[in-house]
>>> print(open('input-v9.pdb').read())   # PDB, C-alpha atoms, pLDDT in the B column
ATOM      1  CA  MET A   1      68.285-136.580  -5.007  1.00 54.00           C
ATOM      2  CA  ALA A   2      70.572-133.676  -4.370  1.00 55.00           C
ATOM      3  CA  ASP A   3      74.335-133.765  -4.918  1.00 72.00           C
ATOM      4  CA  LEU A   4      74.235-136.631  -7.439  1.00 80.00           C
ATOM      5  CA  PRO A   5      76.310-136.462 -10.624  1.00 90.00           C
ATOM      6  CA  GLU A   6      74.352-135.754 -13.823  1.00 95.00           C
ATOM      7  CA  VAL A   7      74.300-139.445 -14.877  1.00 98.00           C
ATOM      8  CA  VAL A   8      74.521-142.359 -12.432  1.00 98.00           C
ATOM      9  CA  LEU A   9      73.992-146.081 -13.017  1.00 98.00           C
ATOM     10  CA  LEU A  10      72.970-148.308 -10.113  1.00 98.00           C
ATOM     11  CA  ASP A  11      74.042-151.778 -11.138  1.00 98.00           C
ATOM     12  CA  PHE A  12      75.556-155.152 -10.207  1.00 98.00           C
ATOM     13  CA  TRP A  13      78.665-156.426 -11.991  1.00 98.00           C
ATOM     14  CA  VAL A  14      77.303-159.724 -13.305  1.00 97.00           C
ATOM     15  CA  SER A  15      73.835-158.541 -14.303  1.00 98.00           C
ATOM     16  CA  PRO A  16      73.197-158.946 -18.047  1.00 98.00           C
ATOM     17  CA  PHE A  17      70.509-156.288 -17.685  1.00 98.00           C
ATOM     18  CA  GLY A  18      72.903-153.756 -16.242  1.00 98.00           C
ATOM     19  CA  GLN A  19      75.538-154.675 -18.821  1.00 98.00           C
ATOM     20  CA  ARG A  20      73.097-153.619 -21.539  1.00 98.00           C
ATOM     21  CA  CYS A  21      72.918-150.150 -20.044  1.00 98.00           C
ATOM     22  CA  ARG A  22      76.694-149.864 -19.724  1.00 98.00           C
ATOM     23  CA  ILE A  23      77.192-150.889 -23.360  1.00 98.00           C
ATOM     24  CA  ALA A  24      74.575-148.387 -24.532  1.00 98.00           C
ATOM     25  CA  LEU A  25      76.167-145.576 -22.523  1.00 98.00           C
ATOM     26  CA  ALA A  26      79.581-146.483 -23.938  1.00 98.00           C
ATOM     27  CA  GLU A  27      78.235-146.519 -27.500  1.00 98.00           C
ATOM     28  CA  LYS A  28      76.874-143.025 -26.935  1.00 98.00           C
ATOM     29  CA  GLY A  29      80.038-141.789 -25.241  1.00 97.00           C
ATOM     30  CA  VAL A  30      78.110-140.710 -22.146  1.00 97.00           C
ATOM     31  CA  ALA A  31      80.160-140.067 -19.010  1.00 97.00           C
ATOM     32  CA  TYR A  32      78.513-141.507 -15.902  1.00 98.00           C
ATOM     33  CA  GLU A  33      79.191-142.650 -12.374  1.00 97.00           C
ATOM     34  CA  TYR A  34      78.873-146.395 -11.795  1.00 98.00           C
ATOM     35  CA  ARG A  35      77.581-147.408  -8.382  1.00 98.00           C
ATOM     36  CA  GLU A  36      77.832-151.119  -7.582  1.00 98.00           C
ATOM     37  CA  GLN A  37      74.892-152.315  -5.489  1.00 98.00           C
ATOM     38  CA  ASP A  38      74.781-154.919  -2.739  1.00 97.00           C
ATOM     39  CA  LEU A  39      71.653-156.873  -3.660  1.00 93.00           C
ATOM     40  CA  LEU A  40      71.491-158.532  -0.245  1.00 92.00           C
ATOM     41  CA  ASN A  41      71.566-155.152   1.477  1.00 96.00           C
ATOM     42  CA  LYS A  42      69.920-152.760  -0.949  1.00 97.00           C
ATOM     43  CA  SER A  43      70.890-149.134  -0.678  1.00 97.00           C
ATOM     44  CA  GLU A  44      68.467-146.399   0.277  1.00 97.00           C
ATOM     45  CA  LEU A  45      69.188-144.773  -3.088  1.00 97.00           C
ATOM     46  CA  LEU A  46      68.182-147.931  -4.988  1.00 98.00           C
ATOM     47  CA  LEU A  47      64.998-148.430  -2.962  1.00 98.00           C
ATOM     48  CA  ARG A  48      64.075-144.779  -3.362  1.00 97.00           C
ATOM     49  CA  SER A  49      64.872-144.774  -7.078  1.00 98.00           C
ATOM     50  CA  ASN A  50      62.988-147.971  -7.923  1.00 98.00           C
ATOM     51  CA  PRO A  51      60.293-148.319  -5.238  1.00 98.00           C
ATOM     52  CA  VAL A  52      58.100-150.588  -7.405  1.00 98.00           C
ATOM     53  CA  HIS A  53      60.544-153.396  -8.323  1.00 97.00           C
ATOM     54  CA  LYS A  54      63.467-152.551  -5.993  1.00 97.00           C
ATOM     55  CA  LYS A  55      65.855-153.927  -8.630  1.00 97.00           C
ATOM     56  CA  ILE A  56      68.890-152.882 -10.616  1.00 98.00           C
ATOM     57  CA  PRO A  57      69.639-151.466 -13.085  1.00 98.00           C
ATOM     58  CA  VAL A  58      68.478-147.907 -12.476  1.00 98.00           C
ATOM     59  CA  LEU A  59      69.699-144.966 -14.528  1.00 98.00           C
ATOM     60  CA  LEU A  60      69.622-141.595 -12.786  1.00 98.00           C
ATOM     61  CA  HIS A  61      69.707-138.673 -15.209  1.00 98.00           C
ATOM     62  CA  GLY A  62      69.493-135.228 -13.725  1.00 96.00           C
ATOM     63  CA  GLY A  63      68.213-136.785 -10.507  1.00 94.00           C
ATOM     64  CA  ARG A  64      65.329-138.589 -12.233  1.00 97.00           C
ATOM     65  CA  ALA A  65      65.170-142.384 -12.209  1.00 98.00           C
ATOM     66  CA  ILE A  66      64.640-144.611 -15.244  1.00 98.00           C
ATOM     67  CA  CYS A  67      64.079-148.315 -14.479  1.00 98.00           C
ATOM     68  CA  GLU A  68      64.066-151.612 -16.408  1.00 98.00           C
ATOM     69  CA  SER A  69      66.904-152.302 -18.833  1.00 98.00           C
ATOM     70  CA  LEU A  70      64.952-152.224 -22.117  1.00 98.00           C
ATOM     71  CA  VAL A  71      63.376-148.939 -21.102  1.00 98.00           C
ATOM     72  CA  ILE A  72      66.766-147.569 -20.045  1.00 98.00           C
ATOM     73  CA  VAL A  73      68.514-148.497 -23.316  1.00 98.00           C
ATOM     74  CA  GLN A  74      65.730-146.861 -25.343  1.00 98.00           C
ATOM     75  CA  TYR A  75      65.889-143.804 -23.078  1.00 98.00           C
ATOM     76  CA  ILE A  76      69.657-143.557 -23.628  1.00 98.00           C
ATOM     77  CA  ASP A  77      69.083-143.702 -27.381  1.00 98.00           C
ATOM     78  CA  GLU A  78      66.531-140.881 -27.214  1.00 97.00           C
ATOM     79  CA  ALA A  79      68.258-138.713 -24.607  1.00 98.00           C
ATOM     80  CA  TRP A  80      71.538-138.667 -26.542  1.00 97.00           C
ATOM     81  CA  PRO A  81      70.296-138.813 -30.155  1.00 96.00           C
ATOM     82  CA  ASP A  82      73.299-137.303 -31.938  1.00 93.00           C
ATOM     83  CA  THR A  83      75.649-140.284 -31.595  1.00 93.00           C
ATOM     84  CA  ALA A  84      75.402-143.944 -32.657  1.00 92.00           C
ATOM     85  CA  PRO A  85      71.634-144.476 -33.099  1.00 96.00           C
ATOM     86  CA  LEU A  86      70.641-147.776 -31.509  1.00 98.00           C
ATOM     87  CA  LEU A  87      67.169-148.007 -33.068  1.00 97.00           C
ATOM     88  CA  PRO A  88      66.352-147.045 -36.678  1.00 94.00           C
ATOM     89  CA  ARG A  89      65.374-143.377 -36.777  1.00 92.00           C
ATOM     90  CA  ASP A  90      63.135-143.271 -39.852  1.00 92.00           C
ATOM     91  CA  ASP A  91      61.638-146.758 -40.046  1.00 95.00           C
ATOM     92  CA  PRO A  92      58.840-147.508 -37.548  1.00 97.00           C
ATOM     93  CA  TYR A  93      58.523-151.085 -38.802  1.00 97.00           C
ATOM     94  CA  ALA A  94      62.231-151.781 -38.199  1.00 96.00           C
ATOM     95  CA  ARG A  95      61.916-150.247 -34.715  1.00 97.00           C
ATOM     96  CA  ALA A  96      58.915-152.452 -33.986  1.00 97.00           C
ATOM     97  CA  GLN A  97      60.810-155.552 -35.147  1.00 97.00           C
ATOM     98  CA  ALA A  98      63.780-154.694 -32.951  1.00 98.00           C
ATOM     99  CA  ARG A  99      61.498-154.248 -29.946  1.00 98.00           C
ATOM    100  CA  PHE A 100      59.791-157.567 -30.726  1.00 98.00           C
ATOM    101  CA  TRP A 101      63.100-159.449 -30.653  1.00 98.00           C
ATOM    102  CA  ALA A 102      64.261-157.629 -27.536  1.00 98.00           C
ATOM    103  CA  ASP A 103      61.032-158.683 -25.825  1.00 98.00           C
ATOM    104  CA  TYR A 104      61.532-162.264 -27.041  1.00 98.00           C
ATOM    105  CA  ILE A 105      65.048-162.329 -25.562  1.00 98.00           C
ATOM    106  CA  ASP A 106      63.789-160.974 -22.241  1.00 96.00           C
ATOM    107  CA  LYS A 107      60.947-163.456 -21.993  1.00 96.00           C
ATOM    108  CA  LYS A 108      62.965-166.527 -22.959  1.00 97.00           C
ATOM    109  CA  ILE A 109      66.664-166.538 -22.114  1.00 97.00           C
ATOM    110  CA  TYR A 110      66.751-165.556 -18.442  1.00 93.00           C
ATOM    111  CA  ASP A 111      64.019-168.054 -17.607  1.00 95.00           C
ATOM    112  CA  CYS A 112      65.807-170.855 -19.486  1.00 95.00           C
ATOM    113  CA  GLN A 113      69.174-170.198 -17.888  1.00 93.00           C
ATOM    114  CA  THR A 114      67.665-169.968 -14.400  1.00 94.00           C
ATOM    115  CA  ARG A 115      66.008-173.357 -14.849  1.00 95.00           C
ATOM    116  CA  LEU A 116      69.301-174.679 -16.188  1.00 94.00           C
ATOM    117  CA  TRP A 117      71.208-174.003 -12.954  1.00 92.00           C
ATOM    118  CA  LYS A 118      68.317-174.300 -10.510  1.00 93.00           C
ATOM    119  CA  LEU A 119      66.755-177.609 -11.528  1.00 93.00           C
ATOM    120  CA  LYS A 120      67.880-181.204 -12.047  1.00 93.00           C
ATOM    121  CA  GLY A 121      66.853-184.249 -14.048  1.00 93.00           C
ATOM    122  CA  LYS A 122      64.062-183.980 -16.603  1.00 95.00           C
ATOM    123  CA  ALA A 123      63.340-180.349 -15.735  1.00 94.00           C
ATOM    124  CA  GLN A 124      66.938-179.373 -16.403  1.00 94.00           C
ATOM    125  CA  GLU A 125      66.915-181.373 -19.634  1.00 95.00           C
ATOM    126  CA  GLN A 126      63.829-179.440 -20.741  1.00 96.00           C
ATOM    127  CA  ALA A 127      65.576-176.166 -19.912  1.00 95.00           C
ATOM    128  CA  LYS A 128      68.497-177.257 -22.109  1.00 95.00           C
ATOM    129  CA  LYS A 129      66.147-178.044 -25.020  1.00 96.00           C
ATOM    130  CA  ASP A 130      64.329-174.733 -24.570  1.00 97.00           C
ATOM    131  CA  MET A 131      67.613-172.814 -24.523  1.00 96.00           C
ATOM    132  CA  ILE A 132      68.821-174.417 -27.751  1.00 96.00           C
ATOM    133  CA  GLU A 133      65.447-173.675 -29.363  1.00 97.00           C
ATOM    134  CA  VAL A 134      65.653-169.998 -28.344  1.00 98.00           C
ATOM    135  CA  PHE A 135      69.140-169.529 -29.759  1.00 98.00           C
ATOM    136  CA  THR A 136      68.219-171.449 -32.927  1.00 98.00           C
ATOM    137  CA  THR A 137      65.297-169.054 -33.401  1.00 98.00           C
ATOM    138  CA  LEU A 138      67.582-166.061 -32.842  1.00 98.00           C
ATOM    139  CA  GLU A 139      70.152-167.487 -35.243  1.00 98.00           C
ATOM    140  CA  SER A 140      67.452-167.775 -37.897  1.00 98.00           C
ATOM    141  CA  GLU A 141      66.537-164.110 -37.351  1.00 98.00           C
ATOM    142  CA  LEU A 142      70.200-163.078 -37.566  1.00 98.00           C
ATOM    143  CA  GLY A 143      70.615-164.965 -40.835  1.00 97.00           C
ATOM    144  CA  ASP A 144      73.677-163.818 -42.771  1.00 97.00           C
ATOM    145  CA  LYS A 145      73.624-160.270 -41.398  1.00 97.00           C
ATOM    146  CA  PRO A 146      76.626-159.105 -39.361  1.00 97.00           C
ATOM    147  CA  TYR A 147      74.316-157.650 -36.701  1.00 98.00           C
ATOM    148  CA  PHE A 148      70.637-158.150 -35.900  1.00 97.00           C
ATOM    149  CA  GLY A 149      69.805-154.734 -37.312  1.00 91.00           C
ATOM    150  CA  GLY A 150      71.858-155.281 -40.453  1.00 95.00           C
ATOM    151  CA  ASP A 151      75.186-153.531 -41.001  1.00 95.00           C
ATOM    152  CA  ASN A 152      75.099-151.531 -37.768  1.00 95.00           C
ATOM    153  CA  PHE A 153      75.443-152.656 -34.163  1.00 98.00           C
ATOM    154  CA  GLY A 154      72.206-151.712 -32.428  1.00 98.00           C
ATOM    155  CA  PHE A 155      69.396-152.328 -29.973  1.00 98.00           C
ATOM    156  CA  VAL A 156      68.912-156.100 -30.305  1.00 98.00           C
ATOM    157  CA  ASP A 157      72.664-156.718 -30.266  1.00 98.00           C
ATOM    158  CA  ILE A 158      72.960-154.749 -27.011  1.00 98.00           C
ATOM    159  CA  VAL A 159      70.040-156.664 -25.489  1.00 98.00           C
ATOM    160  CA  LEU A 160      71.441-160.102 -26.350  1.00 98.00           C
ATOM    161  CA  VAL A 161      75.225-159.799 -26.170  1.00 98.00           C
ATOM    162  CA  PRO A 162      75.535-159.822 -22.336  1.00 98.00           C
ATOM    163  CA  PHE A 163      74.258-163.399 -22.310  1.00 98.00           C
ATOM    164  CA  THR A 164      77.170-164.541 -24.490  1.00 98.00           C
ATOM    165  CA  CYS A 165      79.580-164.451 -21.545  1.00 97.00           C
ATOM    166  CA  ARG A 166      77.348-167.151 -20.038  1.00 96.00           C
ATOM    167  CA  PHE A 167      77.849-169.643 -22.878  1.00 97.00           C
ATOM    168  CA  PHE A 168      80.672-171.283 -20.901  1.00 96.00           C
ATOM    169  CA  ALA A 169      78.345-171.700 -17.915  1.00 95.00           C
ATOM    170  CA  TYR A 170      75.640-173.203 -20.133  1.00 94.00           C
ATOM    171  CA  LYS A 171      78.156-175.782 -21.359  1.00 94.00           C
ATOM    172  CA  LYS A 172      79.362-176.654 -17.861  1.00 94.00           C
ATOM    173  CA  LEU A 173      75.882-176.766 -16.324  1.00 89.00           C
ATOM    174  CA  GLY A 174      73.850-178.204 -19.171  1.00 89.00           C
ATOM    175  CA  GLY A 175      76.426-180.185 -21.103  1.00 91.00           C
ATOM    176  CA  PHE A 176      75.691-178.475 -24.418  1.00 92.00           C
ATOM    177  CA  SER A 177      77.593-176.107 -26.652  1.00 95.00           C
ATOM    178  CA  ILE A 178      76.017-173.013 -28.212  1.00 96.00           C
ATOM    179  CA  GLU A 179      78.880-173.059 -30.718  1.00 95.00           C
ATOM    180  CA  GLU A 180      77.974-176.551 -31.924  1.00 96.00           C
ATOM    181  CA  ASN A 181      74.262-175.810 -32.112  1.00 96.00           C
ATOM    182  CA  CYS A 182      74.317-172.174 -33.275  1.00 97.00           C
ATOM    183  CA  PRO A 183      77.686-171.316 -34.868  1.00 97.00           C
ATOM    184  CA  LYS A 184      76.374-168.093 -36.434  1.00 98.00           C
ATOM    185  CA  ILE A 185      75.399-166.776 -33.006  1.00 98.00           C
ATOM    186  CA  VAL A 186      78.921-167.458 -31.736  1.00 98.00           C
ATOM    187  CA  ALA A 187      80.436-165.723 -34.785  1.00 98.00           C
ATOM    188  CA  TRP A 188      78.135-162.757 -34.168  1.00 98.00           C
ATOM    189  CA  ALA A 189      79.195-162.681 -30.506  1.00 98.00           C
ATOM    190  CA  LYS A 190      82.878-162.578 -31.489  1.00 98.00           C
ATOM    191  CA  LEU A 191      82.167-159.681 -33.850  1.00 98.00           C
ATOM    192  CA  CYS A 192      80.353-157.793 -31.081  1.00 98.00           C
ATOM    193  CA  LYS A 193      83.256-158.349 -28.676  1.00 98.00           C
ATOM    194  CA  GLU A 194      85.567-156.566 -31.102  1.00 98.00           C
ATOM    195  CA  ARG A 195      83.743-153.383 -30.077  1.00 98.00           C
ATOM    196  CA  GLU A 196      85.347-151.563 -27.169  1.00 98.00           C
ATOM    197  CA  SER A 197      81.925-150.866 -25.652  1.00 98.00           C
ATOM    198  CA  VAL A 198      81.264-154.603 -25.371  1.00 98.00           C
ATOM    199  CA  ALA A 199      84.773-155.838 -24.561  1.00 98.00           C
ATOM    200  CA  LYS A 200      85.137-153.477 -21.595  1.00 98.00           C
ATOM    201  CA  VAL A 201      81.770-154.389 -20.097  1.00 98.00           C
ATOM    202  CA  LEU A 202      81.448-158.168 -20.388  1.00 98.00           C
ATOM    203  CA  PRO A 203      83.064-160.032 -17.474  1.00 97.00           C
ATOM    204  CA  ASP A 204      85.310-163.088 -17.694  1.00 97.00           C
ATOM    205  CA  PRO A 205      83.142-166.187 -18.446  1.00 97.00           C
ATOM    206  CA  ASP A 206      84.990-168.103 -15.685  1.00 97.00           C
ATOM    207  CA  LYS A 207      83.958-165.503 -13.111  1.00 97.00           C
ATOM    208  CA  VAL A 208      80.363-165.616 -14.392  1.00 97.00           C
ATOM    209  CA  PHE A 209      80.384-169.402 -14.033  1.00 96.00           C
ATOM    210  CA  GLU A 210      81.734-169.114 -10.470  1.00 96.00           C
ATOM    211  CA  PHE A 211      78.909-166.712  -9.615  1.00 95.00           C
ATOM    212  CA  ILE A 212      76.291-169.053 -11.083  1.00 95.00           C
ATOM    213  CA  GLN A 213      77.813-171.934  -9.110  1.00 94.00           C
ATOM    214  CA  PHE A 214      77.378-169.812  -5.978  1.00 93.00           C
ATOM    215  CA  LEU A 215      73.701-169.263  -6.862  1.00 93.00           C
ATOM    216  CA  GLN A 216      73.304-172.978  -7.537  1.00 92.00           C
ATOM    217  CA  SER A 217      74.793-173.900  -4.152  1.00 92.00           C
ATOM    218  CA  LYS A 218      72.396-171.568  -2.324  1.00 90.00           C
ATOM    219  CA  PHE A 219      69.205-171.821  -4.360  1.00 89.00           C
ATOM    220  CA  GLY A 220      69.531-174.844  -6.652  1.00 87.00           C
ATOM    221  CA  ALA A 221      67.768-178.174  -6.334  1.00 81.00           C
ATOM    222  CA  LYS A 222      69.451-180.464  -3.816  1.00 75.00           C
TER     223      LYS A 222
END
>>> encode(input="input-v9.pdb", output="structure tokens")
Amino acid sequence: MADLPEVVLLDFWVSPFGQRCRIALAEKGVAYEYREQDLLNKSELLLRSNPVHKKIPVLLHGGRAICESLVIVQYIDEAWPDTAPLLPRDDPYARAQARFWADYIDKKIYDCQTRLWKLKGKAQEQAKKDMIEVFTTLESELGDKPYFGGDNFGFVDIVLVPFTCRFFAYKKLGGFSIEENCPKIVAWAKLCKERESVAKVLPDPDKVFEFIQFLQSKFGAK
């Protein structure tokens, strides 16, 4: 991969997975080149960099590819260790807990939200119930802490916060409010958005909703 800048991110503007990587890079103060990908006409660079999944995001560091957002965020934390640690350095139990909750978020939220826009009737109603249950569980884990890791913005916050710009879409599509059901999660989201790293990355909720409507029109239940 000759002639590439030192750090490149292959991404798509509305991807919550790519947004994680952008927030992590911003927290670390890492300069990088952002390359928007056309997911309907995938670039040779993307296919060559991620031949197994053929998906964004992909981080290229020194010409070497790192794939999958959770792996990328942890790589960023380890590759640039001197600034803003994202995972606890000296507490393996706390690191394990953070990874557990990141895995929970990955396994639950994207599936719920996809069913929310893709399905109708009882199936959509079940997706709504599942989504509320997931965020209630996360709210319980957050408790009265400012961030999931305690006093410092970190790994779990980065993993979850991109989904907060979809709360408006959840309300429009599913007829339920995260704020009414999980007010502490919404307060946490507002605190996160006070950070420049988050505010500059998360797109306008209206634009996210428009994109999800586009997906619904093409792939949703008729």
>>> residues_around(input="input-v9.pdb", residues="range 107-110 of chain A", least_positions_apart="6", cutoff="10 Å", atoms="only C-alpha atoms", output="number ranges by chain")
A: 16, 101, 116, 127, 130-135, 160, 163
>>> resolve_selection(input="input-v9.pdb", expression="the PyMOL selection byres ((chain A and resi 178-187) around 7)", output="list in words")
Phe135, Thr136, Glu139, Phe167, Phe176, Ser177, Trp188, Ala189, Lys190 and Leu191 of chain A
>>> residues_around(input="input-v9.pdb", residues="Pro88 in chain A", least_positions_apart="4", cutoff="9 Å", atoms="only C-alpha atoms", output="ChimeraX atom specification")
/A:92,94-95,98,149,154
>>> resolve_selection(input="input-v9.pdb", expression="the PyMOL selection byres ((chain A and resi 14) around 9)", output="mmCIF file with C-alpha atoms, keeping the file's coordinate frame")
data_model
loop_
_atom_site.group_PDB
_atom_site.id
_atom_site.type_symbol
_atom_site.label_atom_id
_atom_site.label_comp_id
_atom_site.auth_asym_id
_atom_site.auth_seq_id
_atom_site.Cartn_x
_atom_site.Cartn_y
_atom_site.Cartn_z
ATOM 1 C CA ASP A 11 74.042 -151.778 -11.138
ATOM 2 C CA PHE A 12 75.556 -155.152 -10.207
ATOM 3 C CA TRP A 13 78.665 -156.426 -11.991
ATOM 4 C CA SER A 15 73.835 -158.541 -14.303
ATOM 5 C CA PRO A 16 73.197 -158.946 -18.047
ATOM 6 C CA PHE A 17 70.509 -156.288 -17.685
ATOM 7 C CA GLY A 18 72.903 -153.756 -16.242
ATOM 8 C CA GLN A 19 75.538 -154.675 -18.821
ATOM 9 C CA LEU A 202 81.448 -158.168 -20.388
ATOM 10 C CA PRO A 203 83.064 -160.032 -17.474
ATOM 11 C CA LYS A 207 83.958 -165.503 -13.111
ATOM 12 C CA VAL A 208 80.363 -165.616 -14.392
ATOM 13 C CA PHE A 211 78.909 -166.712 -9.615
#
>>> residues_around(input="input-v9.pdb", residues="range 28-32 of chain A", least_positions_apart="5", cutoff="7 Å", atoms="all atoms listed in the file", output="list in words")
Val7, Val8, Trp80, Thr83 and Ala84 of chain A
>>> write_last_selection(input="input-v9.pdb", atoms="C-alpha atoms", output="CSV table (one decimal), keeping the file's coordinate frame")
chain,number,residue,atom,x,y,z
A,7,VAL,CA,74.3,-139.4,-14.9
A,8,VAL,CA,74.5,-142.4,-12.4
A,80,TRP,CA,71.5,-138.7,-26.5
A,83,THR,CA,75.6,-140.3,-31.6
A,84,ALA,CA,75.4,-143.9,-32.7
>>> axis_aligned_box(input="input-v9.pdb", around="range 75-81 of chain A", padding_each_side="3 Å", output="JSON")
{"center_x": 68.7, "center_y": -141.2, "center_z": -26.6, "size_x": 11.6, "size_y": 11.1, "size_z": 13.1}
>>> resolve_selection(input="input-v9.pdb", expression="the PyMOL selection byres ((chain A and resi 212-216) around 9)", output="PyMOL selection string")
chain A and resi 117-119+169+173+207-211+217-221
>>> residues_near_point(input="input-v9.pdb", point="(72.8, -153.2, -33.8)", cutoff="9 Å", atoms="only C-alpha atoms", output="VMD selection string")
chain A and resid 85 to 87 146 to 158
>>> atom_distance(input="input-v9.pdb", atom1="CA of Tyr75 in chain A", atom2="CA of Gly63 in chain A")
14.6 Å
>>> closest_residue(input="input-v9.pdb", among="A:Lys222, A:Pro51, A:Thr164, A:Ala199", to="Lys120 in chain A", atoms="all atoms listed in the file")
A:Lys222
>>> atom_distance(input="input-v9.pdb", atom1="CA of Tyr170 in chain A", atom2="CA of Gln113 in chain A")
7.5 Å
>>> closest_residue(input="input-v9.pdb", among="A:Leu47, A:Leu138, A:Val159, A:Asp82", to="Cys21 in chain A", atoms="only C-alpha atoms")
A:Val159
>>> atom_distance(input="input-v9.pdb", atom1="CA of Tyr104 in chain A", atom2="CA of Ala123 in chain A")
21.4 Å
>>> closest_residue(input="input-v9.pdb", among="A:Leu60, A:Ala24, A:Leu4, A:Leu45", to="Val161 in chain A", atoms="only C-alpha atoms")
A:Ala24
>>> residues_near_point(input="input-v9.pdb", point="(64.6, -145.2, -6.3)", cutoff="9 Å", atoms="all atoms listed in the file", output="list in words")
Glu44, Leu45, Leu46, Leu47, Arg48, Ser49, Asn50, Pro51, Val52, Lys54, Val58, Leu60, Arg64, Ala65, Ile66 and Cys67 of chain A
>>> closest_residue(input="input-v9.pdb", among="A:Val198, A:Ile105, A:Cys112, A:Leu9", to="Ile72 in chain A", atoms="all atoms listed in the file")
A:Leu9
>>> closest_residue(input="input-v9.pdb", among="A:Arg20, A:Arg195, A:Lys200, A:Lys172", to="Ala102 in chain A", atoms="all atoms listed in the file")
A:Arg20
>>> closest_residue(input="input-v9.pdb", among="A:Pro57, A:Phe168, A:Arg22, A:Lys129", to="Gln37 in chain A", atoms="only C-alpha atoms")
A:Pro57
>>> decode(input="input-v9.pdb", residues="range 192-197 of chain A", atoms="all heavy atoms", output="compact mmCIF listing (two decimals), in the first residue's frame")
# COMPACT_ATOMS: atom_id res chain seq x y z
N CYS A 192 -21.48 13.67 27.09
CA CYS A 192 -20.50 13.22 26.09
C CYS A 192 -20.41 14.22 24.94
O CYS A 192 -19.31 14.51 24.42
CB CYS A 192 -20.88 11.85 25.54
SG CYS A 192 -20.68 10.48 26.71
N LYS A 193 -21.54 14.78 24.53
CA LYS A 193 -21.57 15.69 23.39
C LYS A 193 -20.94 17.04 23.70
O LYS A 193 -20.72 17.85 22.79
CB LYS A 193 -23.01 15.85 22.88
CG LYS A 193 -23.52 14.61 22.17
CD LYS A 193 -25.00 14.70 21.87
CE LYS A 193 -25.53 13.36 21.37
NZ LYS A 193 -27.00 13.36 21.21
N GLU A 194 -20.64 17.29 24.97
CA GLU A 194 -19.89 18.49 25.33
C GLU A 194 -18.41 18.35 24.96
O GLU A 194 -17.69 19.35 24.92
CB GLU A 194 -20.03 18.78 26.82
CG GLU A 194 -21.43 19.21 27.23
CD GLU A 194 -21.58 19.37 28.73
OE1 GLU A 194 -20.56 19.28 29.45
OE2 GLU A 194 -22.73 19.59 29.19
N ARG A 195 -17.99 17.13 24.67
CA ARG A 195 -16.60 16.89 24.27
C ARG A 195 -16.46 17.19 22.78
O ARG A 195 -17.28 16.75 21.96
CB ARG A 195 -16.19 15.45 24.55
CG ARG A 195 -16.36 15.03 25.99
CD ARG A 195 -15.88 13.61 26.21
NE ARG A 195 -14.42 13.52 26.17
CZ ARG A 195 -13.63 13.77 27.20
NH1 ARG A 195 -14.14 14.11 28.36
NH2 ARG A 195 -12.31 13.64 27.08
N GLU A 196 -15.41 17.90 22.43
CA GLU A 196 -15.20 18.26 21.03
C GLU A 196 -15.07 17.02 20.15
O GLU A 196 -15.56 16.99 19.02
CB GLU A 196 -13.94 19.12 20.91
CG GLU A 196 -13.70 19.67 19.52
CD GLU A 196 -12.47 20.57 19.45
OE1 GLU A 196 -11.77 20.69 20.47
OE2 GLU A 196 -12.22 21.14 18.37
N SER A 197 -14.43 15.99 20.68
CA SER A 197 -14.22 14.76 19.91
C SER A 197 -15.54 14.13 19.48
O SER A 197 -15.65 13.56 18.39
CB SER A 197 -13.42 13.74 20.73
OG SER A 197 -14.14 13.36 21.90
